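What follows is the content of my_file-v3.csv, which has CSV, C-alpha atoms:
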chain,number,residue,atom,x,y,z
A,1,MET,CA,-30.0,-76.0,-22.4
A,2,ALA,CA,-26.8,-77.2,-20.9
A,3,GLU,CA,-26.5,-77.3,-17.2
A,4,GLU,CA,-24.5,-74.4,-15.8
A,5,LYS,CA,-21.4,-75.7,-14.1
A,6,ARG,CA,-20.1,-74.4,-10.8
A,7,ASP,CA,-16.9,-72.4,-10.7
A,8,PHE,CA,-14.1,-74.9,-10.6
A,9,TYR,CA,-12.3,-73.1,-7.7
A,10,GLU,CA,-15.5,-73.2,-5.7
A,11,VAL,CA,-15.8,-76.9,-6.4
A,12,LEU,CA,-12.4,-77.6,-4.9
A,13,GLY,CA,-12.8,-75.0,-2.2
A,14,VAL,CA,-9.7,-73.0,-3.0
A,15,GLN,CA,-8.9,-69.4,-3.9
A,16,LYS,CA,-8.1,-68.4,-7.5
A,17,THR,CA,-4.6,-67.6,-6.2
A,18,ALA,CA,-4.1,-71.2,-5.0
A,19,THR,CA,-0.8,-72.9,-5.8
A,20,ALA,CA,-0.7,-76.1,-7.8
A,21,ASP,CA,0.2,-78.0,-4.5
A,22,GLU,CA,-2.9,-76.5,-2.7
A,23,ILE,CA,-5.1,-77.5,-5.6
A,24,LYS,CA,-3.7,-81.0,-5.6
A,25,LYS,CA,-4.2,-81.4,-1.8
A,26,ALA,CA,-7.8,-80.1,-2.1
A,27,PHE,CA,-8.6,-82.5,-4.8
A,28,ILE,CA,-7.2,-85.5,-3.0
A,29,LYS,CA,-9.2,-84.7,0.1
A,30,LEU,CA,-12.5,-84.3,-1.9
A,31,ALA,CA,-11.8,-87.3,-4.1
A,32,LYS,CA,-11.4,-89.5,-1.0
A,33,LYS,CA,-14.6,-88.0,0.5
A,34,TYR,CA,-16.9,-88.5,-2.5
A,35,HIS,CA,-15.4,-91.6,-4.2
A,36,PRO,CA,-18.1,-94.1,-5.0
A,37,ASP,CA,-16.2,-96.9,-3.2
A,38,MET,CA,-16.7,-94.9,0.0
A,39,ASN,CA,-20.3,-94.0,-0.8
A,40,PRO,CA,-21.9,-97.1,-2.4
A,41,GLY,CA,-25.2,-96.3,-4.1
A,42,ASP,CA,-25.0,-92.6,-3.3
A,43,LYS,CA,-25.8,-90.9,-6.6
A,44,ASP,CA,-25.2,-87.4,-5.1
A,45,ALA,CA,-21.7,-88.4,-4.0
A,46,GLU,CA,-21.0,-89.9,-7.4
A,47,GLN,CA,-22.0,-86.7,-9.1
A,48,LYS,CA,-19.8,-84.6,-6.8
A,49,PHE,CA,-16.9,-86.9,-7.4
A,50,LYS,CA,-17.3,-86.4,-11.2
A,51,GLU,CA,-17.5,-82.6,-10.6
A,52,VAL,CA,-14.4,-82.6,-8.4
A,53,ASN,CA,-12.6,-84.8,-11.0
A,54,GLU,CA,-13.5,-82.4,-13.8
A,55,ALA,CA,-12.4,-79.3,-11.9
A,56,TYR,CA,-9.1,-80.8,-11.1
A,57,SER,CA,-8.5,-82.0,-14.7
A,58,VAL,CA,-8.7,-78.3,-15.7
A,59,LEU,CA,-7.0,-76.5,-12.8
A,60,SER,CA,-4.1,-79.0,-12.6
A,61,ASP,CA,-3.2,-78.3,-16.2
A,62,GLU,CA,-1.3,-75.0,-16.5
A,63,GLU,CA,-2.5,-74.1,-20.0
A,64,LYS,CA,-6.1,-75.1,-19.4
A,65,ARG,CA,-6.1,-73.2,-16.1
A,66,LYS,CA,-4.9,-70.0,-17.9
A,67,LYS,CA,-7.7,-70.3,-20.5
A,68,TYR,CA,-10.3,-71.0,-17.8
A,69,ASP,CA,-9.2,-68.0,-15.8
A,70,ALA,CA,-9.4,-65.8,-18.9
A,71,TYR,CA,-12.6,-67.1,-20.6
A,72,GLY,CA,-14.3,-69.4,-18.2
A,73,MET,CA,-15.9,-72.6,-19.6
A,74,ALA,CA,-15.7,-71.0,-23.1
A,75,GLY,CA,-12.0,-71.2,-22.9
A,76,ILE,CA,-11.8,-74.9,-22.6
A,77,ASP,CA,-12.8,-77.9,-24.6
A,78,PRO,CA,-16.6,-78.3,-24.2
A,79,ASN,CA,-16.3,-82.0,-24.9
A,80,MET,CA,-13.9,-82.5,-22.0
A,81,GLY,CA,-16.0,-84.6,-19.6
A,82,GLY,CA,-15.8,-85.0,-15.9
A,83,GLY,CA,-15.4,-88.6,-16.9
A,84,GLY,CA,-16.5,-90.8,-14.2
A,85,TYR,CA,-14.1,-93.5,-13.0
A,86,GLY,CA,-12.9,-96.7,-14.3
A,87,GLU,CA,-10.3,-99.4,-14.2
A,88,SER,CA,-7.4,-97.3,-15.4
A,89,THR,CA,-4.8,-94.8,-14.2
A,90,GLY,CA,-6.5,-92.0,-16.2
A,91,PHE,CA,-9.5,-90.1,-14.7
A,92,GLY,CA,-11.6,-87.9,-17.0
A,93,GLY,CA,-9.0,-87.9,-19.8
A,94,PHE,CA,-6.0,-86.7,-17.7
A,95,ASP,CA,-3.0,-88.4,-16.3
A,96,PHE,CA,-3.6,-89.3,-12.6
A,97,SER,CA,-0.1,-90.6,-11.9
A,98,ASP,CA,1.1,-87.4,-10.3
A,99,ILE,CA,-1.0,-88.0,-7.2
A,100,LEU,CA,-0.4,-91.7,-6.7
A,101,ASN,CA,2.5,-91.1,-4.3
A,102,ASP,CA,0.1,-89.3,-2.0
A,103,PHE,CA,-2.0,-92.4,-1.7
A,104,PHE,CA,0.3,-95.4,-2.1
A,105,GLY,CA,3.9,-94.1,-2.2
A,106,GLY,CA,4.1,-95.6,-5.7
A,107,SER,CA,3.9,-94.4,-9.3
A,108,ALA,CA,1.7,-95.2,-12.3
A,109,SER,CA,3.0,-97.6,-14.8
A,110,GLY,CA,4.5,-96.4,-18.0
A,111,SER,CA,7.9,-94.9,-18.3
A,112,TYR,CA,8.5,-95.6,-14.7
A,113,SER,CA,9.9,-99.0,-15.4
A,114,SER,CA,12.8,-97.7,-17.4
A,115,SER,CA,13.5,-95.0,-14.9
A,116,ALA,CA,13.4,-97.3,-12.0
A,117,ARG,CA,15.8,-99.7,-13.8
A,118,ALA,CA,18.1,-96.7,-14.5
A,119,ARG,CA,18.1,-95.8,-10.8
A,120,SER,CA,18.9,-99.3,-9.8
A,121,GLN,CA,22.0,-99.2,-11.9
A,122,MET,CA,23.2,-95.8,-10.8
A,123,PRO,CA,26.4,-95.5,-8.8
A,124,ILE,CA,25.6,-95.6,-5.1
A,125,ASP,CA,28.2,-94.3,-2.6
A,126,GLY,CA,29.1,-96.5,0.3
A,127,ASP,CA,27.9,-95.7,3.9
A,128,ASP,CA,30.1,-93.8,6.3
A,129,ILE,CA,31.4,-95.7,9.4
A,130,TYR,CA,31.5,-94.0,12.8
A,131,VAL,CA,34.0,-95.1,15.5
A,132,ARG,CA,35.0,-93.6,18.8
A,133,VAL,CA,38.6,-93.4,20.1
A,134,THR,CA,39.5,-92.7,23.7
A,135,LEU,CA,42.6,-90.6,24.4
A,136,THR,CA,44.5,-89.4,27.5
A,137,PHE,CA,44.7,-85.7,28.0
A,138,GLU,CA,48.3,-85.7,26.9
A,139,GLU,CA,47.6,-87.7,23.7
A,140,ALA,CA,44.9,-85.2,22.7
A,141,ALA,CA,47.3,-82.3,23.6
A,142,PHE,CA,50.3,-83.5,21.7
A,143,GLY,CA,48.8,-85.7,19.0
A,144,CYS,CA,49.5,-89.4,18.6
A,145,THR,CA,49.1,-92.4,16.3
A,146,LYS,CA,46.3,-94.8,17.1
A,147,ASN,CA,45.5,-98.2,15.5
A,148,ILE,CA,41.7,-98.5,14.9
A,149,SER,CA,40.0,-101.8,14.4
A,150,TYR,CA,36.5,-101.8,12.9
A,151,ASN,CA,34.1,-103.7,10.6
A,152,ARG,CA,33.5,-102.6,7.0
A,153,ILE,CA,31.8,-103.9,3.9
A,154,ILE,CA,34.0,-104.3,0.8
A,155,LYS,CA,33.6,-105.8,-2.7
A,156,CYS,CA,34.1,-109.5,-2.7
A,157,PRO,CA,37.7,-110.1,-3.9
A,158,GLU,CA,36.7,-113.4,-5.4
A,159,CYS,CA,33.9,-112.3,-7.7
A,160,GLY,CA,34.5,-108.5,-8.0
A,161,SER,CA,31.0,-107.8,-6.5
A,162,SER,CA,29.1,-109.6,-9.3
A,163,GLY,CA,28.0,-112.3,-6.8
A,164,ALA,CA,28.6,-115.1,-9.4
A,165,ALA,CA,31.1,-117.8,-9.0
A,166,LYS,CA,34.3,-117.8,-11.1
A,167,GLY,CA,33.6,-118.8,-14.6
A,168,SER,CA,29.9,-117.7,-14.5
A,169,SER,CA,28.0,-114.5,-14.8
A,170,PRO,CA,24.6,-113.1,-13.5
A,171,GLU,CA,21.7,-113.8,-15.8
A,172,GLN,CA,18.5,-111.9,-16.7
A,173,CYS,CA,15.8,-112.1,-14.1
A,174,PRO,CA,12.9,-114.3,-15.6
A,175,THR,CA,10.3,-112.5,-13.4
A,176,CYS,CA,10.9,-108.9,-14.6
A,177,HIS,CA,12.8,-109.8,-17.8
A,178,GLY,CA,15.7,-107.6,-16.7
A,179,THR,CA,13.7,-104.5,-16.0
A,180,GLY,CA,14.1,-104.7,-12.3
A,181,THR,CA,10.4,-103.8,-11.7
A,182,VAL,CA,7.1,-105.6,-11.8
A,183,ARG,CA,3.6,-104.2,-12.4
A,184,VAL,CA,1.1,-104.6,-9.6
A,185,THR,CA,-2.7,-103.8,-9.8
A,186,GLN,CA,-4.3,-102.8,-6.5
A,187,ARG,CA,-7.8,-101.8,-5.5
A,188,THR,CA,-7.9,-98.4,-3.8
A,189,ILE,CA,-10.5,-95.9,-2.8
A,190,LEU,CA,-10.0,-94.3,-6.2
A,191,GLY,CA,-10.5,-97.5,-8.1
A,192,SER,CA,-8.0,-100.0,-9.5
A,193,MET,CA,-4.5,-98.6,-9.9
A,194,SER,CA,-1.6,-100.1,-11.7
A,195,THR,CA,1.7,-99.4,-10.1
A,196,THR,CA,5.2,-100.6,-10.4
A,197,ARG,CA,7.6,-101.7,-7.7
A,198,ALA,CA,11.0,-103.3,-7.4
A,199,CYS,CA,11.1,-107.0,-8.4
A,200,ASP,CA,11.3,-109.2,-5.3
A,201,ASN,CA,13.1,-112.0,-7.3
A,202,CYS,CA,16.1,-109.9,-8.2
A,203,ARG,CA,15.7,-107.0,-5.7
A,204,GLY,CA,15.4,-104.5,-8.5
A,205,THR,CA,18.7,-105.3,-10.2
A,206,GLY,CA,17.2,-107.1,-13.2
A,207,LYS,CA,19.7,-109.9,-12.7
A,208,ILE,CA,19.8,-113.2,-10.7
A,209,VAL,CA,22.8,-115.3,-9.8
A,210,LYS,CA,22.3,-119.0,-10.4
A,211,ASN,CA,25.8,-120.1,-9.4
A,212,PRO,CA,26.6,-117.9,-6.4
A,213,CYS,CA,30.2,-117.1,-5.3
A,214,PRO,CA,31.1,-119.2,-2.3
A,215,ASN,CA,33.1,-116.4,-0.7
A,216,CYS,CA,30.2,-114.0,-0.5
A,217,SER,CA,27.2,-116.4,-0.9
A,218,GLY,CA,26.2,-114.5,-4.1
A,219,LYS,CA,25.9,-111.1,-2.3
A,220,GLY,CA,28.9,-109.6,-4.1
A,221,TYR,CA,30.1,-108.0,-0.8
A,222,ILE,CA,31.6,-109.2,2.4
A,223,LYS,CA,32.1,-107.8,5.9
A,224,ILE,CA,35.7,-107.8,7.1
A,225,ASN,CA,37.6,-106.6,10.2
A,226,HIS,CA,39.8,-103.7,9.1
A,227,ASN,CA,42.8,-102.2,10.9
A,228,VAL,CA,44.2,-98.8,10.1
A,229,ASP,CA,46.7,-96.5,11.7
A,230,THR,CA,45.5,-92.9,12.1
A,231,GLN,CA,47.3,-89.8,13.1
A,232,ILE,CA,45.4,-87.9,15.8
A,233,PRO,CA,46.0,-84.2,15.4
A,234,ALA,CA,47.5,-82.3,18.3
A,235,GLY,CA,45.0,-80.1,20.2
A,236,ILE,CA,41.9,-82.1,19.3
A,237,ASP,CA,39.1,-81.7,21.9
A,238,ASP,CA,36.6,-84.1,23.5
A,239,GLY,CA,33.7,-84.8,21.2
A,240,GLN,CA,35.4,-83.5,18.0
A,241,LYS,CA,35.4,-85.6,14.8
A,242,TYR,CA,37.7,-86.0,12.0
A,243,VAL,CA,37.4,-87.9,8.7
A,244,MET,CA,39.5,-90.5,6.9
A,245,ARG,CA,38.2,-90.3,3.3
A,246,GLY,CA,37.4,-93.6,1.6
A,247,TYR,CA,37.8,-95.8,4.6
A,248,GLY,CA,34.1,-96.5,5.0
A,249,ASN,CA,32.0,-99.2,3.2
A,250,ASP,CA,32.5,-99.7,-0.5
A,251,GLY,CA,30.1,-98.2,-3.0
A,252,ARG,CA,27.9,-100.1,-5.5
A,253,ASN,CA,27.8,-99.8,-9.2
A,254,GLY,CA,31.0,-97.8,-9.3
A,255,GLY,CA,30.0,-95.5,-6.4
A,256,SER,CA,32.7,-94.1,-4.1
A,257,ALA,CA,33.6,-95.7,-0.8
A,258,GLY,CA,32.2,-94.0,2.3
A,259,ASP,CA,34.3,-92.3,4.9
A,260,LEU,CA,35.6,-93.4,8.3
A,261,VAL,CA,34.4,-90.7,10.8
A,262,ILE,CA,36.4,-90.8,14.1
A,263,GLU,CA,35.0,-89.2,17.2
A,264,VAL,CA,37.4,-88.4,20.0
A,265,SER,CA,36.7,-89.0,23.7
A,266,VAL,CA,39.3,-87.3,26.0
A,267,LYS,CA,39.9,-88.4,29.6
A,268,ASP,CA,40.1,-85.8,32.3
A,269,HIS,CA,43.4,-84.5,33.7
A,270,SER,CA,44.3,-84.6,37.4
A,271,ILE,CA,45.3,-80.9,37.4
A,272,PHE,CA,44.2,-79.1,34.2
A,273,GLN,CA,40.8,-78.3,32.7
A,274,ARG,CA,40.5,-76.9,29.2
A,275,SER,CA,38.3,-74.5,27.3
A,276,GLY,CA,39.2,-74.6,23.7
A,277,ALA,CA,43.0,-74.3,23.5
A,278,ASP,CA,43.3,-72.6,26.9
A,279,LEU,CA,44.3,-74.4,30.1
A,280,TYR,CA,43.1,-73.7,33.6
A,281,CYS,CA,44.4,-74.9,37.0
A,282,GLU,CA,44.6,-73.9,40.7
A,283,ILE,CA,47.8,-73.6,42.7
A,284,PRO,CA,47.9,-73.5,46.6
A,285,ILE,CA,50.3,-70.9,48.1
A,286,THR,CA,51.2,-70.2,51.7
A,287,PHE,CA,50.0,-67.2,53.8
A,288,ALA,CA,53.6,-65.9,53.9
A,289,GLN,CA,54.0,-66.2,50.1
A,290,ALA,CA,50.7,-64.3,49.5
A,291,ALA,CA,51.6,-61.6,52.0
A,292,LEU,CA,55.3,-61.1,51.1
A,293,GLY,CA,55.2,-62.1,47.4
A,294,ALA,CA,57.2,-65.1,46.1
A,295,GLN,CA,58.5,-67.0,43.1
A,296,ILE,CA,56.3,-70.1,42.7
A,297,GLN,CA,56.5,-73.0,40.4
A,298,VAL,CA,53.6,-73.3,37.9
A,299,PRO,CA,53.1,-76.7,36.1
A,300,THR,CA,52.5,-76.8,32.4
A,301,LEU,CA,51.8,-79.9,30.2
A,302,GLU,CA,55.4,-80.1,29.2
A,303,THR,CA,57.4,-78.9,32.2
A,304,SER,CA,57.0,-76.1,34.7
A,305,GLU,CA,57.5,-72.3,34.8
A,306,ILE,CA,58.7,-70.0,37.5
A,307,TYR,CA,56.3,-67.1,38.1
A,308,THR,CA,56.7,-64.2,40.5
A,309,ILE,CA,53.5,-63.3,42.4
A,310,PRO,CA,53.4,-59.8,44.0
A,311,GLU,CA,53.1,-59.2,47.8
A,312,GLY,CA,49.6,-58.9,49.1
A,313,THR,CA,48.2,-61.4,46.6
A,314,GLN,CA,44.7,-62.3,47.5
A,315,THR,CA,43.3,-65.8,47.4
A,316,GLY,CA,41.4,-66.4,44.1
A,317,THR,CA,43.7,-64.1,42.1
A,318,GLN,CA,44.2,-65.3,38.5
A,319,PHE,CA,47.4,-65.0,36.5
A,320,ILE,CA,48.2,-65.9,32.9
A,321,LEU,CA,51.1,-67.6,31.1
A,322,LYS,CA,50.9,-66.7,27.4
A,323,ASN,CA,51.2,-69.5,24.8
A,324,LYS,CA,51.4,-72.2,27.4
A,325,GLY,CA,48.1,-73.8,26.6
A,326,LEU,CA,47.2,-76.3,23.9
A,327,PRO,CA,47.9,-76.1,20.2
A,328,TYR,CA,45.1,-75.2,17.9
A,329,VAL,CA,44.4,-78.1,15.6
A,330,ASN,CA,46.5,-78.0,12.4
A,331,SER,CA,48.1,-74.7,13.5
A,332,SER,CA,51.3,-73.6,15.2
A,333,LYS,CA,49.4,-71.2,17.4
A,334,LYS,CA,48.8,-72.1,21.0
A,335,GLY,CA,46.3,-71.1,23.7
A,336,ASP,CA,47.2,-69.7,27.1
A,337,LEU,CA,47.5,-71.1,30.6
A,338,TYR,CA,45.4,-69.5,33.3
A,339,PHE,CA,46.2,-70.3,37.0
A,340,ARG,CA,44.4,-69.2,40.1
A,341,VAL,CA,46.1,-69.1,43.5
A,342,ASN,CA,44.4,-70.2,46.7
A,343,VAL,CA,45.9,-69.1,50.0
A,344,GLU,CA,46.2,-72.0,52.3
A,345,VAL,CA,45.4,-71.1,55.9
A,346,PRO,CA,47.9,-72.9,58.2
A,347,LYS,CA,46.5,-75.6,60.5
A,348,ASN,CA,47.9,-77.5,63.5
A,349,LEU,CA,49.8,-74.5,64.8
A,350,SER,CA,52.2,-74.9,67.8
A,351,SER,CA,52.0,-72.7,70.8
A,352,GLU,CA,55.0,-70.7,69.6
A,353,GLN,CA,53.4,-70.2,66.2
A,354,LYS,CA,50.1,-69.0,67.7
A,355,GLU,CA,52.0,-66.5,69.9
A,356,LEU,CA,53.9,-65.1,67.0
A,357,LEU,CA,50.7,-64.8,65.0
A,358,MET,CA,48.9,-63.0,67.8
A,359,LYS,CA,51.8,-60.5,68.1
A,360,PHE,CA,51.7,-60.1,64.3
A,361,ALA,CA,47.9,-59.5,64.4
A,362,ALA,CA,48.4,-56.9,67.2
A,363,THR,CA,50.6,-54.8,64.9
A,364,CYS,CA,48.1,-54.8,62.0
A,365,ASP,CA,45.6,-52.0,61.5
A,366,GLU,CA,43.1,-51.0,58.8
A,367,ARG,CA,45.8,-50.2,56.3
A,368,ASN,CA,46.7,-53.9,56.3
A,369,HIS,CA,43.1,-55.1,55.9
A,370,SER,CA,41.4,-52.5,53.6
A,371,LYS,CA,38.8,-55.0,52.4
A,372,GLY,CA,37.6,-55.7,55.9
A,373,LYS,CA,37.4,-52.0,56.7
A,374,ALA,CA,35.4,-51.3,53.5
A,375,PHE,CA,33.0,-54.1,54.3
A,376,PHE,CA,32.2,-52.9,57.8
A,377,ASP,CA,32.0,-49.3,56.6
A,378,LYS,CA,29.1,-50.3,54.3
A,379,ILE,CA,27.3,-52.1,57.1
A,380,PHE,CA,27.5,-49.2,59.5
A,381,LYS,CA,26.4,-46.7,56.8
A,382,ARG,CA,23.3,-48.9,56.2
A,383,LYS,CA,22.4,-48.5,59.9

Rewrite the structure from the file as structure tokens, please.
Amino acid sequence: MAEEKRDFYEVLGVQKTATADEIKKAFIKLAKKYHPDMNPGDKDAEQKFKEVNEAYSVLSDEEKRKKYDAYGMAGIDPNMGGGGYGESTGFGGFDFSDILNDFFGGSASGSYSSSARARSQMPIDGDDIYVRVTLTFEEAAFGCTKNISYNRIIKCPECGSSGAAKGSSPEQCPTCHGTGTVRVTQRTILGSMSTTRACDNCRGTGKIVKNPCPNCSGKGYIKINHNVDTQIPAGIDDGQKYVMRGYGNDGRNGGSAGDLVIEVSVKDHSIFQRSGADLYCEIPITFAQAALGAQIQVPTLETSEIYTIPEGTQTGTQFILKNKGLPYVNSSKKGDLYFRVNVEVPKNLSSEQKELLMKFAATCDERNHSKGKAFFDKIFKRK
């Protein structure tokens, strides 16, 4: 009588609703635990490894899993063995290549070689290059032209990126025979595995250069110092970036050139601060101007504006000049200018000035100092 097998889900320690990824992770964990290389001479571990292997060979196959879920062992091939383990990439009759990446970061040999070669010949876009440009506050506000000098990698103009000297061409790599990959067999906890990796001799290209170009030393690309004029848009802010398409490193195998990404650093201004497109500043005024009202001169980035402040203006009062801020980038719209007045208390008074102020103070009452009255009223009410 055939030995009754344990439920495959129970063997792997997963629920029947487990996803394919959960089943795979459970198998890898148990395969490592019970592999004979990790348990030399342990027959029980060897048997459990076979059991885990058999369970995974069914549950990892969508069609076999459906039949197993519906009919149990009767729904699958009774001759399908748990296998055992051997010197191959197949375990128990199923392809083991799908889990190799989890162990080695590689792939099983087979069709990989052609796909790797195809990938090595695919167009690869060039890298972006990042530079920083420092601007004065005014340059950022109004825009300007800047010359930028930076290093970039371009196709060698002598060999057209082939790496071979004029009159010669790259040849097929004798190590990988033009495939760009080589097969490597390595001993792992799951046995001997055949994997493929990029050929070291040709760096995965399938070709070697016997007569290298003297300008690029056979690399096909050279680094140069490049200068380009760029138009900084008006209104750009500190930390903002903008892109010059195609001014980065050249691509390979017909890939597009990368971009030049320019990050702006803006110096502080002696008077203005900014928030987006709005400007802010503080303007000192005299006690008389605040008390009587006055026309004051308000600076802007381009010139100045005359603004009338009302009598009785308190220190810290903020006013606004519409459309006198910075331009929005790539727009005709402008922000606003906000200015706050600070009343400057006079110092170094003469005797005559002090006497006049004392006479003035004697004529003032609570109508002239409503804030002070309200403040002390609150204090006395608390008491």

Can you list, as a PDB file with C-alpha atoms, keeping the file's coordinate frame, every protein, DNA or RNA residue that comes within 10 Å of Lys48 in chain A when you count all atoms listed in the file, leaving out same-chain residues fewer than 3 positions away?
ATOM      1  CA  VAL A  11     -15.800 -76.900  -6.400  1.00  0.00           C
ATOM      2  CA  LEU A  30     -12.500 -84.300  -1.900  1.00  0.00           C
ATOM      3  CA  ALA A  31     -11.800 -87.300  -4.100  1.00  0.00           C
ATOM      4  CA  LYS A  33     -14.600 -88.000   0.500  1.00  0.00           C
ATOM      5  CA  TYR A  34     -16.900 -88.500  -2.500  1.00  0.00           C
ATOM      6  CA  HIS A  35     -15.400 -91.600  -4.200  1.00  0.00           C
ATOM      7  CA  PRO A  36     -18.100 -94.100  -5.000  1.00  0.00           C
ATOM      8  CA  LYS A  43     -25.800 -90.900  -6.600  1.00  0.00           C
ATOM      9  CA  ASP A  44     -25.200 -87.400  -5.100  1.00  0.00           C
ATOM     10  CA  ALA A  45     -21.700 -88.400  -4.000  1.00  0.00           C
ATOM     11  CA  GLU A  51     -17.500 -82.600 -10.600  1.00  0.00           C
ATOM     12  CA  VAL A  52     -14.400 -82.600  -8.400  1.00  0.00           C
ATOM     13  CA  ASN A  53     -12.600 -84.800 -11.000  1.00  0.00           C
ATOM     14  CA  GLU A  54     -13.500 -82.400 -13.800  1.00  0.00           C
ATOM     15  CA  GLY A  82     -15.800 -85.000 -15.900  1.00  0.00           C
TER      16      GLY A  82
END

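One finds CA of Glu305 in chain A at 18.7 Å from CA of His269 in chain A.
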
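Nearest to Tyr150 in chain A of all the residues A:Arg245, A:Lys334, A:Lys24, A:His226 is A:His226, based on all atoms listed in the file.
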
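Take the candidates A:Thr136, A:Asn330, A:Gln314, A:Ser304 and check each one against Gln289 in chain A using all atoms listed in the file; the shortest distance goes to A:Gln314.
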
For this session: Would you list the contacts of His177 in chain A as number ranges by chain, taking every protein, DNA or RNA residue within 12 Å and counting all atoms listed in the file, but skipping same-chain residues closer than 2 positions in sequence?
Result: A: 113, 117, 171-175, 179-182, 199, 201-202, 204-208

Those residues you just picked out, can you put them in a file as a compact mmCIF listing (two decimals), in the coordinates of the input with C-alpha atoms?
# COMPACT_ATOMS: atom_id res chain seq x y z
CA SER A 113 9.90 -99.00 -15.40
CA ARG A 117 15.80 -99.70 -13.80
CA GLU A 171 21.70 -113.80 -15.80
CA GLN A 172 18.50 -111.90 -16.70
CA CYS A 173 15.80 -112.10 -14.10
CA PRO A 174 12.90 -114.30 -15.60
CA THR A 175 10.30 -112.50 -13.40
CA THR A 179 13.70 -104.50 -16.00
CA GLY A 180 14.10 -104.70 -12.30
CA THR A 181 10.40 -103.80 -11.70
CA VAL A 182 7.10 -105.60 -11.80
CA CYS A 199 11.10 -107.00 -8.40
CA ASN A 201 13.10 -112.00 -7.30
CA CYS A 202 16.10 -109.90 -8.20
CA GLY A 204 15.40 -104.50 -8.50
CA THR A 205 18.70 -105.30 -10.20
CA GLY A 206 17.20 -107.10 -13.20
CA LYS A 207 19.70 -109.90 -12.70
CA ILE A 208 19.80 -113.20 -10.70

For this session: May I have the residues at most 9 Å from (37.0, -111.4, -1.7) in the file's coordinates, counting only C-alpha atoms, as a PyMOL selection string?
Result: chain A and resi 154-161+215-216+220-222

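Across A:Asn147, A:Thr286, A:Thr196, A:Asn342, the tightest approach to Asn227 in chain A is made by A:Asn147 when counting only C-alpha atoms.
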
For this session: Would you mind reading off the distance between CA of Ile236 in chain A and CA of Ala140 in chain A, one decimal, in Å?
Result: 5.5 Å

Exercise. Quick one, how far is CA of Arg367 in chain A from CA of Thr308 in chain A?
Worked result: 23.8 Å

Seminar exercise, completed: Nearest to Val228 in chain A, restricted to only C-alpha atoms and choosing among A:Gln240, A:Asn151, A:Thr303, A:Gln273, comes out as A:Asn151

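Considering all atoms listed in the file, the residue among A:Ala288, A:Val58, A:Ile28, A:Val264 positioned nearest to Val343 in chain A is A:Ala288.
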
Exercise. Contacts of Ala55 in chain A at 12 Å or less, counting only C-alpha atoms, minus same-chain residues fewer than 3 places along, as a PyMOL selection string?
Worked result: chain A and resi 5-14+23-24+26-27+30-31+48-52+58-61+64-65+68+72-73+76+80-83+91-92+94

Atoms are missing here; could range 292-303 of chain A be completed with N, CA and C atoms and written as a PDB file, in the frame of the given file?
ATOM      1  N   LEU A 292      53.966 -61.696  51.382  1.00  0.00           N
ATOM      2  CA  LEU A 292      55.300 -61.100  51.100  1.00  0.00           C
ATOM      3  C   LEU A 292      55.611 -61.129  49.577  1.00  0.00           C
ATOM      4  N   GLY A 293      54.822 -61.944  48.795  1.00  0.00           N
ATOM      5  CA  GLY A 293      55.200 -62.100  47.400  1.00  0.00           C
ATOM      6  C   GLY A 293      56.233 -63.233  47.323  1.00  0.00           C
ATOM      7  N   ALA A 294      56.270 -63.945  46.189  1.00  0.00           N
ATOM      8  CA  ALA A 294      57.200 -65.100  46.100  1.00  0.00           C
ATOM      9  C   ALA A 294      57.307 -65.536  44.653  1.00  0.00           C
ATOM     10  N   GLN A 295      58.348 -66.311  44.392  1.00  0.00           N
ATOM     11  CA  GLN A 295      58.500 -67.000  43.100  1.00  0.00           C
ATOM     12  C   GLN A 295      57.889 -68.415  43.331  1.00  0.00           C
ATOM     13  N   ILE A 296      56.907 -68.758  42.540  1.00  0.00           N
ATOM     14  CA  ILE A 296      56.300 -70.100  42.700  1.00  0.00           C
ATOM     15  C   ILE A 296      56.445 -70.862  41.389  1.00  0.00           C
ATOM     16  N   GLN A 297      56.333 -72.160  41.518  1.00  0.00           N
ATOM     17  CA  GLN A 297      56.500 -73.000  40.400  1.00  0.00           C
ATOM     18  C   GLN A 297      55.083 -73.349  39.813  1.00  0.00           C
ATOM     19  N   VAL A 298      54.903 -73.062  38.535  1.00  0.00           N
ATOM     20  CA  VAL A 298      53.600 -73.300  37.900  1.00  0.00           C
ATOM     21  C   VAL A 298      53.745 -74.445  36.897  1.00  0.00           C
ATOM     22  N   PRO A 299      52.944 -75.505  37.057  1.00  0.00           N
ATOM     23  CA  PRO A 299      53.100 -76.700  36.100  1.00  0.00           C
ATOM     24  C   PRO A 299      52.461 -76.333  34.777  1.00  0.00           C
ATOM     25  N   THR A 300      53.068 -76.874  33.745  1.00  0.00           N
ATOM     26  CA  THR A 300      52.500 -76.800  32.400  1.00  0.00           C
ATOM     27  C   THR A 300      52.431 -78.273  31.903  1.00  0.00           C
ATOM     28  N   LEU A 301      51.874 -78.503  30.724  1.00  0.00           N
ATOM     29  CA  LEU A 301      51.800 -79.900  30.200  1.00  0.00           C
ATOM     30  C   LEU A 301      53.124 -80.474  29.893  1.00  0.00           C
ATOM     31  N   GLU A 302      54.093 -79.628  29.563  1.00  0.00           N
ATOM     32  CA  GLU A 302      55.400 -80.100  29.200  1.00  0.00           C
ATOM     33  C   GLU A 302      56.410 -80.125  30.295  1.00  0.00           C
ATOM     34  N   THR A 303      56.421 -79.065  31.121  1.00  0.00           N
ATOM     35  CA  THR A 303      57.400 -78.900  32.200  1.00  0.00           C
ATOM     36  C   THR A 303      56.801 -78.046  33.279  1.00  0.00           C
TER      37      THR A 303
END
